[in-house]
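Working notes, beginning with the structure itself.
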Amino acid sequence: MKKYFLVLAIGLLSNQMEAQSLNDLINQANNLINGSGGNRKNNQGGNINSLFGNNLSNADISTGLKEALRIGTQNAAGRLNLPNGFFGNQLIKILMPPEARKIENTLRQFGFGNQCDKLILSLNRAAEDAAGKAVPIFVKAITSMSITDALGILRGGNNAATDYLKRMTTGALTQAFRPVIEKSLGKVDATRYWKDIFSIYNTLPITRNKVNTDLTGYVTERALNGLFVNVAQEESNIRTNPGARVNDIFRKVFGS
């Protein structure tokens, strides 16, 4: 019951102080509920329930949050499922695997920088191609979210929704991304570039151990990392930017 009144209090405060962050609203809502002897009164002594024309059901709250997350994840995946969605974003751009960085530097010193550049571009193009598979997986996780999950996300930290989606979707996303990335790596000749580069490297006189890296697995892991970085950015935007709340829970449920 206390959770229910907390969400109602957040709705009231969001209408009155729209420019504040979600965490500020939650803290003030807790003060409303727990302050003044624990009688669920506001700072002026008025009863919280009397301040709402109609009580909101937990189902309404859950529905509004799900809609916010649906739009947020679509935005996040959509930005990545475009040319340069990964390659043009320095925060998530896929570079050579860590174990290949030293090899890359050596190859560039021997005049094979162009081949390295083509490979890096190909890795990012494969991730961009796979990002389109994320939306239906996210939607499935969001629609199956319980009311308890929704309230927990509302009361959670700044990345509560992102952490929930990561827990619920990483396995399915990996299964969906890997074959697409494997196909894309072949389509954009990344596999050939990889083979060409490390065939050259393996013939150099300084080479002692041949490279044996799961290129598809590496790109899949980095693609998922980039996806969740973007999901976290969407969540932060919804929580802290009033201008991004056109479709979030405060607009949809509380009608502010």
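Labeling convention for the structure tokens: chains A, B, ... as they appear, residues from 1 per chain, ligands from 1 in order of appearance.
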message: When DSSP is applied to the backbone of this structure, which of segment 57-208 of chain A are assigned alpha helix (DSSP H)? Write them out as a PyMOL selection string.
response: chain A and resi 58-80+101-109+113-130+134-143+147-155+160-187+190-203
field: Contacts of Thr162 of chain A at 12 Å (only C-alpha atoms; same-chain gap of 3+ positions) as a VMD selection string
entry: chain A and resid 69 to 70 72 to 73 76 138 141 to 142 153 to 154 156 to 159 165 to 170 225 227 to 236
Once you have the residues from the selection above, write them out as a PDB file, in the first residue's frame, restricted to C-alpha atoms.
```pdb
ATOM      1  CA  LEU A  69      10.249   1.708 -21.911  1.00  0.00           C
ATOM      2  CA  ARG A  70       8.894   0.477 -25.235  1.00  0.00           C
ATOM      3  CA  GLY A  72      12.877   4.251 -25.170  1.00  0.00           C
ATOM      4  CA  THR A  73      14.196   0.892 -26.335  1.00  0.00           C
ATOM      5  CA  ALA A  76      17.934   3.182 -28.612  1.00  0.00           C
ATOM      6  CA  PHE A 138      12.811  -5.859 -25.666  1.00  0.00           C
ATOM      7  CA  ALA A 141      10.420  -8.507 -21.917  1.00  0.00           C
ATOM      8  CA  ILE A 142       8.540  -5.266 -21.325  1.00  0.00           C
ATOM      9  CA  ILE A 153      11.851   0.216 -11.500  1.00  0.00           C
ATOM     10  CA  LEU A 154      10.091   3.439 -10.548  1.00  0.00           C
ATOM     11  CA  GLY A 156      14.983   2.036  -8.228  1.00  0.00           C
ATOM     12  CA  GLY A 157      18.195   3.804  -9.133  1.00  0.00           C
ATOM     13  CA  ASN A 158      18.958   5.727 -12.284  1.00  0.00           C
ATOM     14  CA  ASN A 159      19.654   2.515 -14.253  1.00  0.00           C
ATOM     15  CA  LEU A 165      16.159  -5.328 -19.328  1.00  0.00           C
ATOM     16  CA  LYS A 166      19.747  -6.542 -19.235  1.00  0.00           C
ATOM     17  CA  ARG A 167      18.803  -9.353 -16.852  1.00  0.00           C
ATOM     18  CA  MET A 168      15.755 -10.341 -18.848  1.00  0.00           C
ATOM     19  CA  THR A 169      17.056 -10.068 -22.422  1.00  0.00           C
ATOM     20  CA  THR A 170      20.817 -10.695 -22.618  1.00  0.00           C
ATOM     21  CA  ASN A 225      27.356  -3.503 -24.719  1.00  0.00           C
ATOM     22  CA  LEU A 227      22.991  -1.384 -27.163  1.00  0.00           C
ATOM     23  CA  PHE A 228      22.664  -1.216 -23.383  1.00  0.00           C
ATOM     24  CA  VAL A 229      24.748   1.972 -23.265  1.00  0.00           C
ATOM     25  CA  ASN A 230      22.109   3.538 -25.502  1.00  0.00           C
ATOM     26  CA  VAL A 231      19.237   2.087 -23.466  1.00  0.00           C
ATOM     27  CA  ALA A 232      20.788   3.608 -20.334  1.00  0.00           C
ATOM     28  CA  GLN A 233      21.012   6.976 -22.083  1.00  0.00           C
ATOM     29  CA  GLU A 234      17.319   6.777 -22.981  1.00  0.00           C
ATOM     30  CA  GLU A 235      16.418   5.908 -19.394  1.00  0.00           C
ATOM     31  CA  SER A 236      18.453   8.819 -18.061  1.00  0.00           C
TER      32      SER A 236
END
```
query: segment 187-200 of chain A: which residues within 10 Å, counting only C-alpha atoms, same-chain residues fewer than 5 positions away excluded, as a list in words?
result: Ala100, Ile103, Glu104, Leu107, Phe112, Gly113, Gln115, Cys116, Asp117, Lys118, Leu119, Ile120, Leu121, Ser122, Leu123, Asn124, Arg125, Ala126, Ile181, Glu182, Thr207, Lys210, Val211, Asn212, Thr213, Leu215 and Thr216 of chain A
- request: Take atom CA of Arg79 of chain A and atom CA of Thr63 of chain A and report the distance between them in Å, one decimal.
  value: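 Atom-to-atom, atom CA of Arg79 of chain A and atom CA of Thr63 of chain A are spaced 24.6 Å apart.
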query: Could you pull the residues within 10 Å of Arg222 of chain A, counting only C-alpha atoms, minus those fewer than 4 positions along the same chain, as an MDAnalysis selection string?
result: chainID A and resid 86 92:95 97 123:124 127 217:218 226:227
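Restricting the calculation to only C-alpha atoms, the smallest distance between Pro179 of chain A and any of A:Ala160, A:Val135, A:Ala223, A:Ala130 is found for A:Ala130.
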query: Separation of atom CA of Glu128 of chain A and atom CA of Gly78 of chain A, in Å?
result: 9.5 Å
- prompt: In Å to one decimal, how far is atom CA of Ala134 of chain A from atom CA of Tyr164 of chain A?
  reply: 15.0 Å
- request: Would you please work out which residue, of A:Leu82, A:Leu91, A:Leu173, A:Leu65, is nearest to Arg155 of chain A when using only C-alpha atoms?
  value: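 Closest candidate: A:Leu65.
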